>>> print(open('query_27.csv').read())   # CSV, C-alpha atoms
chain,number,residue,atom,x,y,z
A,446,MET,CA,23.2,-73.2,-54.7
A,447,SER,CA,20.6,-72.8,-52.0
A,448,ARG,CA,18.6,-75.0,-49.7
A,449,SER,CA,15.1,-74.2,-48.5
A,450,SER,CA,12.3,-75.3,-46.2
A,451,LEU,CA,8.7,-74.5,-46.8
A,452,LEU,CA,7.2,-72.3,-44.0
A,453,LEU,CA,3.8,-71.5,-45.3
A,454,LYS,CA,1.7,-71.9,-48.4
A,455,ILE,CA,-1.5,-69.9,-49.1
A,456,GLU,CA,-3.9,-70.3,-52.0
A,457,LEU,CA,-6.1,-67.3,-52.2
A,458,ARG,CA,-8.6,-65.6,-54.5
A,459,SER,CA,-7.7,-62.3,-56.1
A,460,ASN,CA,-10.1,-60.5,-53.8
A,461,PRO,CA,-8.7,-57.2,-52.3
A,462,GLU,CA,-10.3,-58.0,-49.0
A,463,MET,CA,-8.0,-60.9,-48.6
A,464,LEU,CA,-4.9,-58.7,-48.6
A,465,CYS,CA,-5.3,-57.9,-44.9
A,466,VAL,CA,-5.4,-61.6,-44.1
A,467,VAL,CA,-2.1,-62.2,-45.9
A,468,ARG,CA,-0.5,-59.1,-44.3
A,469,ASN,CA,-1.4,-60.3,-40.8
A,470,ALA,CA,-0.1,-63.8,-41.4
A,471,LEU,CA,3.1,-62.6,-43.1
A,472,GLY,CA,3.9,-60.0,-40.4
A,473,GLN,CA,3.9,-62.8,-37.8
A,474,LEU,CA,5.9,-65.2,-40.0
A,475,ALA,CA,8.6,-62.6,-40.7
A,476,ALA,CA,8.9,-61.8,-37.0
A,477,MET,CA,9.3,-65.5,-36.3
A,478,GLN,CA,12.2,-65.6,-38.7
A,479,GLY,CA,14.1,-63.0,-36.8
A,480,PHE,CA,13.5,-59.8,-38.9
A,481,SER,CA,13.3,-56.5,-37.0
A,482,GLU,CA,10.0,-54.7,-36.7
A,483,ALA,CA,11.0,-52.3,-39.5
A,484,GLU,CA,12.1,-55.2,-41.7
A,485,CYS,CA,8.8,-57.0,-41.1
A,486,ARG,CA,6.9,-53.9,-42.2
A,487,GLU,CA,9.0,-53.8,-45.4
A,488,VAL,CA,8.3,-57.5,-46.2
A,489,VAL,CA,4.6,-57.0,-45.6
A,490,LEU,CA,4.5,-53.8,-47.8
A,491,ALA,CA,6.4,-55.5,-50.6
A,492,VAL,CA,4.1,-58.6,-50.7
A,493,ASP,CA,1.0,-56.5,-50.4
A,494,GLU,CA,2.1,-54.4,-53.3
A,495,ALA,CA,3.0,-57.4,-55.4
A,496,LEU,CA,-0.5,-59.0,-54.7
A,497,THR,CA,-2.1,-55.7,-55.5
A,498,ASN,CA,-0.3,-55.6,-58.9
A,499,ILE,CA,-1.5,-59.2,-59.6
A,500,ILE,CA,-5.1,-58.3,-58.8
A,501,ARG,CA,-5.1,-55.0,-60.7
A,502,HIS,CA,-2.9,-55.8,-63.7
A,503,ALA,CA,-2.7,-59.6,-64.2
A,504,TYR,CA,-6.4,-60.2,-63.4
A,505,HIS,CA,-7.8,-56.7,-64.2
A,506,GLY,CA,-9.7,-56.6,-60.9
A,507,ASP,CA,-11.5,-59.9,-61.2
A,508,ALA,CA,-11.8,-61.0,-57.6
A,509,GLU,CA,-12.3,-64.7,-58.2
A,510,GLN,CA,-8.9,-65.7,-59.8
A,511,PRO,CA,-6.4,-67.9,-58.1
A,512,ILE,CA,-3.1,-66.8,-56.5
A,513,GLU,CA,-0.6,-69.0,-54.9
A,514,ALA,CA,1.8,-67.6,-52.3
A,515,SER,CA,4.6,-69.8,-50.8
A,516,PHE,CA,7.0,-68.7,-48.1
A,517,ARG,CA,10.3,-70.4,-47.6
A,518,ARG,CA,13.3,-70.0,-45.4
A,519,ILE,CA,16.3,-70.4,-47.7
A,520,HIS,CA,20.1,-70.4,-47.3
A,521,ALA,CA,21.6,-68.7,-50.3
A,522,SER,CA,24.6,-66.7,-51.4
A,523,PRO,CA,24.0,-63.1,-52.1
A,524,ASP,CA,27.1,-61.6,-53.7
A,525,GLY,CA,29.2,-64.6,-52.6
A,526,GLU,CA,28.3,-64.3,-49.0
A,527,SER,CA,26.0,-67.0,-47.7
A,528,GLY,CA,23.1,-66.2,-45.5
A,529,ASP,CA,19.5,-67.0,-44.5
A,530,ALA,CA,16.6,-65.3,-46.3
A,531,LEU,CA,12.9,-65.3,-46.5
A,532,GLU,CA,11.8,-66.2,-50.0
A,533,ILE,CA,8.3,-65.5,-51.2
A,534,VAL,CA,7.0,-66.8,-54.5
A,535,LEU,CA,3.7,-65.5,-55.9
A,536,GLU,CA,2.1,-67.3,-58.8
A,537,ASP,CA,-0.9,-66.3,-60.9
A,538,HIS,CA,-2.5,-67.3,-64.3
A,539,GLY,CA,-3.2,-63.7,-65.4
A,540,VAL,CA,-2.0,-61.8,-68.4
A,541,THR,CA,1.8,-61.3,-68.8
A,542,ALA,CA,3.2,-58.3,-67.1
A,543,ASN,CA,4.2,-55.5,-69.5
A,544,PRO,CA,8.0,-55.1,-69.1
A,545,GLU,CA,7.6,-51.4,-69.8
A,546,LYS,CA,5.2,-51.0,-66.9
A,547,MET,CA,7.5,-53.1,-64.7
A,548,CYS,CA,9.9,-50.1,-64.8
A,549,GLY,CA,7.7,-48.1,-62.5
A,550,ARG,CA,7.6,-44.4,-62.8
A,551,ALA,CA,9.8,-41.4,-62.1
A,552,LEU,CA,9.3,-40.4,-58.5
A,553,GLU,CA,9.5,-36.8,-59.5
A,554,ASP,CA,6.1,-37.2,-61.2
A,555,VAL,CA,3.5,-36.1,-58.6
A,556,LYS,CA,0.7,-38.3,-59.7
A,557,PRO,CA,-1.3,-41.2,-58.3
A,558,GLY,CA,-0.3,-44.7,-59.2
A,559,GLY,CA,3.0,-46.4,-60.2
A,560,LEU,CA,4.5,-46.6,-56.8
A,561,GLY,CA,3.9,-50.2,-56.1
A,562,LEU,CA,7.0,-51.6,-57.9
A,563,HIS,CA,9.2,-48.9,-56.4
A,564,PHE,CA,8.1,-50.0,-53.0
A,565,ILE,CA,8.8,-53.6,-53.8
A,566,ARG,CA,12.3,-52.9,-55.0
A,567,GLN,CA,13.0,-50.7,-52.0
A,568,CYS,CA,11.8,-53.2,-49.5
A,569,MET,CA,13.3,-56.5,-50.8
A,570,ASP,CA,16.9,-57.6,-51.6
A,571,THR,CA,16.0,-59.4,-54.8
A,572,VAL,CA,13.0,-59.2,-57.1
A,573,GLU,CA,12.7,-61.7,-60.0
A,574,PHE,CA,9.9,-62.1,-62.5
A,575,SER,CA,9.4,-65.0,-64.9
A,576,ARG,CA,6.6,-66.6,-66.9
A,577,SER,CA,6.3,-70.2,-67.9
A,578,ASN,CA,3.3,-72.5,-68.8
A,579,ASP,CA,1.0,-69.5,-68.7
A,580,ARG,CA,1.9,-68.7,-65.2
A,581,ASN,CA,3.5,-65.5,-63.9
A,582,GLN,CA,6.0,-66.1,-61.1
A,583,LEU,CA,7.4,-63.3,-58.9
A,584,THR,CA,10.1,-64.3,-56.5
A,585,LEU,CA,11.0,-61.9,-53.7
A,586,ARG,CA,13.9,-62.4,-51.2
A,587,LYS,CA,14.9,-60.6,-48.1
A,588,PHE,CA,18.1,-61.6,-46.3
A,589,LEU,CA,18.4,-61.6,-42.6
A,590,HIS,CA,20.9,-59.1,-41.1
A,591,VAL,CA,22.1,-57.7,-44.4
A,592,HIS,CA,22.5,-54.0,-44.4
A,593,LYS,CA,21.2,-52.1,-47.4
A,594,SER,CA,24.7,-50.9,-48.3
A,595,GLU,CA,25.8,-54.5,-48.7
A,596,LYS,CA,22.9,-55.5,-50.9
A,597,GLY,CA,23.0,-56.6,-54.5
A,598,SER,CA,19.8,-57.1,-56.3
B,181,MET,CA,-10.9,-48.8,-42.6
B,182,GLN,CA,-13.3,-46.4,-41.0
B,183,ILE,CA,-13.8,-42.7,-41.8
B,184,ALA,CA,-15.6,-40.4,-39.3
B,185,ALA,CA,-16.2,-36.8,-40.4
B,186,ARG,CA,-16.3,-33.8,-38.1
B,187,HIS,CA,-16.9,-30.1,-39.0
B,188,LEU,CA,-15.3,-27.1,-37.4
B,189,ASP,CA,-16.4,-23.8,-39.0
B,190,LYS,CA,-15.5,-24.3,-42.7
B,191,ILE,CA,-13.1,-27.1,-42.0
B,192,THR,CA,-13.8,-30.8,-42.5
B,193,ILE,CA,-11.8,-33.2,-40.3
B,194,PHE,CA,-11.7,-36.9,-41.2
B,195,ASP,CA,-10.7,-39.3,-38.5
B,196,ILE,CA,-9.3,-42.3,-40.3
B,197,SER,CA,-8.6,-45.6,-38.7
B,198,GLY,CA,-7.7,-49.1,-39.8
B,199,ASP,CA,-5.9,-50.2,-43.0
B,200,ILE,CA,-5.8,-48.1,-46.2
B,201,ASP,CA,-5.2,-50.6,-49.1
B,202,LEU,CA,-6.5,-51.7,-52.4
B,203,ALA,CA,-9.8,-52.7,-50.8
B,204,THR,CA,-10.4,-49.5,-48.9
B,205,SER,CA,-8.6,-46.7,-50.6
B,206,PRO,CA,-11.5,-46.0,-53.1
B,207,GLN,CA,-13.7,-45.1,-50.1
B,208,LEU,CA,-11.1,-42.5,-49.0
B,209,ARG,CA,-10.6,-41.2,-52.5
B,210,LYS,CA,-14.4,-40.7,-52.9
B,211,ALA,CA,-14.7,-38.9,-49.6
B,212,LEU,CA,-11.8,-36.5,-50.4
B,213,LEU,CA,-13.0,-35.7,-53.9
B,214,HIS,CA,-16.6,-35.1,-52.6
B,215,GLU,CA,-15.3,-32.5,-50.1
B,216,PHE,CA,-13.2,-30.7,-52.6
B,217,ARG,CA,-15.1,-31.0,-55.8
B,218,GLU,CA,-18.7,-31.0,-54.7
B,219,LEU,CA,-18.7,-29.1,-51.4
B,220,LYS,CA,-15.7,-26.9,-52.2
B,221,MET,CA,-14.6,-27.0,-48.6
B,222,PRO,CA,-11.7,-24.5,-48.1
B,223,ARG,CA,-9.8,-26.9,-45.8
B,224,VAL,CA,-9.9,-30.6,-45.3
B,225,VAL,CA,-7.8,-32.2,-42.5
B,226,LEU,CA,-7.0,-35.8,-42.3
B,227,ASN,CA,-6.3,-37.3,-38.9
B,228,LEU,CA,-4.2,-40.4,-39.7
B,229,GLY,CA,-3.5,-41.3,-36.0
B,230,GLY,CA,-5.6,-44.4,-36.2
B,231,VAL,CA,-4.2,-45.8,-39.4
B,232,ARG,CA,-2.5,-49.1,-39.0
B,233,TYR,CA,-1.3,-49.6,-42.5
B,234,ILE,CA,-1.2,-47.7,-45.8
B,235,ASP,CA,0.0,-49.0,-49.2
B,236,SER,CA,0.6,-47.3,-52.6
B,237,SER,CA,-3.1,-47.2,-53.4
B,238,GLY,CA,-3.6,-45.3,-50.2
B,239,VAL,CA,-0.8,-42.9,-51.1
B,240,ALA,CA,-2.3,-42.5,-54.5
B,241,SER,CA,-5.7,-41.5,-52.9
B,242,LEU,CA,-3.9,-38.9,-50.9
B,243,VAL,CA,-2.2,-37.5,-54.0
B,244,GLU,CA,-5.6,-37.4,-55.8
B,245,GLY,CA,-7.0,-35.5,-52.8
B,246,LEU,CA,-4.1,-33.0,-52.9
B,247,LYS,CA,-4.6,-32.4,-56.6
B,248,ALA,CA,-8.3,-31.9,-56.2
B,249,SER,CA,-7.6,-29.4,-53.4
B,250,ARG,CA,-5.2,-27.5,-55.6
B,251,ASP,CA,-7.7,-27.4,-58.4
B,252,VAL,CA,-10.2,-25.5,-56.2
B,253,GLY,CA,-7.7,-23.5,-54.2
B,254,SER,CA,-8.3,-25.4,-50.9
B,255,ARG,CA,-5.9,-26.7,-48.3
B,256,PHE,CA,-5.4,-30.4,-47.7
B,257,ILE,CA,-3.7,-31.1,-44.4
B,258,LEU,CA,-2.4,-34.3,-42.8
B,259,PHE,CA,-1.7,-34.9,-39.1
B,260,GLY,CA,-1.1,-37.7,-36.6
B,261,LEU,CA,1.2,-39.7,-38.9
B,262,ASN,CA,2.5,-42.7,-37.0
B,263,ARG,CA,5.8,-44.4,-37.9
B,264,THR,CA,4.2,-46.8,-40.4
B,265,VAL,CA,2.4,-44.1,-42.3
B,266,ARG,CA,5.5,-41.8,-42.2
B,267,GLU,CA,7.8,-44.6,-43.5
B,268,VAL,CA,5.6,-45.3,-46.5
B,269,LEU,CA,5.2,-41.6,-47.4
B,270,GLN,CA,9.0,-41.2,-47.1
B,271,LEU,CA,9.5,-44.3,-49.2
B,272,SER,CA,7.3,-42.8,-51.9
B,273,LYS,CA,9.4,-39.6,-51.8
B,274,LEU,CA,6.1,-37.7,-51.8
B,275,VAL,CA,6.1,-36.7,-48.2
B,276,ARG,CA,7.4,-33.2,-49.1
B,277,ILE,CA,4.4,-32.4,-51.2
B,278,PHE,CA,1.9,-32.6,-48.4
B,279,GLU,CA,1.1,-30.1,-45.7
B,280,ILE,CA,1.8,-32.1,-42.5
B,281,TYR,CA,1.4,-31.1,-38.9
B,282,GLU,CA,1.9,-32.8,-35.6
B,283,ASN,CA,-1.5,-32.3,-34.1
B,284,GLU,CA,-5.1,-31.1,-34.7
B,285,ALA,CA,-4.6,-27.7,-33.1
B,286,GLN,CA,-1.9,-26.8,-35.6
B,287,SER,CA,-4.0,-28.3,-38.5
B,288,VAL,CA,-7.1,-26.1,-37.8
B,289,ALA,CA,-5.2,-23.0,-36.8
B,290,PRO,CA,-6.2,-19.9,-38.8
>>> encode(input="query_27.csv", output="structure tokens")
Amino acid sequence: MSRSSLLLKIELRSNPEMLCVVRNALGQLAAMQGFSEAECREVVLAVDEALTNIIRHAYHGDAEQPIEASFRRIHASPDGESGDALEIVLEDHGVTANPEKMCGRALEDVKPGGLGLHFIRQCMDTVEFSRSNDRNQLTLRKFLHVHKSEKGS
Amino acid sequence: MQIAARHLDKITIFDISGDIDLATSPQLRKALLHEFRELKMPRVVLNLGGVRYIDSSGVASLVEGLKASRDVGSRFILFGLNRTVREVLQLSKLVRIFEIYENEAQSVAP
């Protein structure tokens, strides 16, 4: 069980030039929630990478498609211990993500591309993808004051 | 993102500032590939001291630059990495593949 309160909702176009706007807003929002500077950078990187994936893969670079981003403070129970978290939900109407591509790539491969999903998973505590009614939904959560060794994703 | 180019003997130095992301990384990629593939510069140095943010597409551009440098037998050097840039490169586990120095003097040394 979890309870949540909406902090911010943004409707944007899939234009790469909008990414810096989201980053700036999210950095301040995360700091207001009590995350450390390093944690704020992680949240910003994860959301930026997720939006980049939507623009590149769900919308194939079309800069005029809609993306909804909602940011909530939630109280949930990671691994049985309750805690506050920032929950970010990104929704788009693009093509379904290919589960095989969702695996990312081996980091030993020195080649451009494929790093985004690795960054998202490293930076956030939980990452969930779903699709319903022709909408992709990616839910990212980062808990406050939870050390990485205590995480379960 | 802004890219300013300087030349020192047969070394090109790019001073990069701002954000390197999906919107701007193609510009960086194009500049690097031009130096290595078209101009065959023996050494290209990237001053990242003014970079505020870099994402995976920026890292991918650096990797492409590195590969292009290896193809033509040139050196590709990074310096001035701030905490943000260093964190992302470390997260990518690719930091070890780059030639990285603390400052410009080390980067242009014979």
>>> residues_around(input="query_27.csv", residues="B:Glu282", least_positions_apart="3", cutoff="8 Å", atoms="only C-alpha atoms", output="list in words")
Phe259, Gly260, Leu261, Gln286 and Ser287 of chain B
>>> write_last_selection(input="query_27.csv", atoms="C-alpha atoms", output="PDB file, in the coordinates of the input")
ATOM      1  CA  PHE B 259      -1.700 -34.900 -39.100  1.00  0.00           C
ATOM      2  CA  GLY B 260      -1.100 -37.700 -36.600  1.00  0.00           C
ATOM      3  CA  LEU B 261       1.200 -39.700 -38.900  1.00  0.00           C
ATOM      4  CA  GLN B 286      -1.900 -26.800 -35.600  1.00  0.00           C
ATOM      5  CA  SER B 287      -4.000 -28.300 -38.500  1.00  0.00           C
TER       6      SER B 287
END
>>> residues_around(input="query_27.csv", residues="B:Lys247", least_positions_apart="3", cutoff="10 Å", atoms="all atoms listed in the file", output="PyMOL selection string")
(chain A and resi 555-557) or (chain B and resi 213+216+241-244+250-254+256)
>>> interface_residues(input="query_27.csv", of="chain A", to="chain B", cutoff="10 Å", atoms="only C-alpha atoms", output="PyMOL selection string")
chain A and resi 460-465+468+483+486-487+489-491+493-494+496-498+500-501+552-564+567-568
>>> residues_near_point(input="query_27.csv", point="(-7.2, -48.6, -40.7)", cutoff="7 Å", atoms="all atoms listed in the file", output="PyMOL selection string")
chain B and resi 181-182+196-200+230-233
>>> atom_distance(input="query_27.csv", atom1="atom CA of A:His502", atom2="atom CA of A:Arg518")
28.3 Å
>>> closest_residue(input="query_27.csv", among="B:Ile183, B:Ile193, B:Met221, B:Ala211", to="B:Ile257", atoms="all atoms listed in the file")
B:Ile193
>>> atom_distance(input="query_27.csv", atom1="atom CA of A:Gln478", atom2="atom CA of A:Ser459")
26.6 Å
>>> atom_distance(input="query_27.csv", atom1="atom CA of B:Ala184", atom2="atom CA of B:Leu228")
11.4 Å
>>> residues_around(input="query_27.csv", residues="A:Ala476", least_positions_apart="6", cutoff="9 Å", atoms="all atoms listed in the file", output="PyMOL selection string")
chain A and resi 482+484-485
>>> residues_around(input="query_27.csv", residues="A:Ser449", least_positions_apart="4", cutoff="8 Å", atoms="all atoms listed in the file", output="number ranges by chain")
A: 517-520
>>> residues_around(input="query_27.csv", residues="A:Asp579", least_positions_apart="4", cutoff="10 Å", atoms="only C-alpha atoms", output="tab-separated table (two decimals) with C-alpha atoms, in the coordinates of the input")
chain	number	residue	atom	x	y	z
A	537	ASP	CA	-0.90	-66.30	-60.90
A	538	HIS	CA	-2.50	-67.30	-64.30
A	539	GLY	CA	-3.20	-63.70	-65.40
A	540	VAL	CA	-2.00	-61.80	-68.40
A	541	THR	CA	1.80	-61.30	-68.80
>>> closest_residue(input="query_27.csv", among="B:Arg276, B:Lys220, B:Pro206, B:Glu284", to="B:Phe194", atoms="all atoms listed in the file")
B:Glu284
>>> closest_residue(input="query_27.csv", among="B:Pro290, B:Arg217, B:Arg223, B:Arg266", to="B:Ile191", atoms="all atoms listed in the file")
B:Arg223
>>> closest_residue(input="query_27.csv", among="A:Ser522, A:Ser450, A:Asn578, A:Thr584", to="A:Val492", atoms="only C-alpha atoms")
A:Thr584
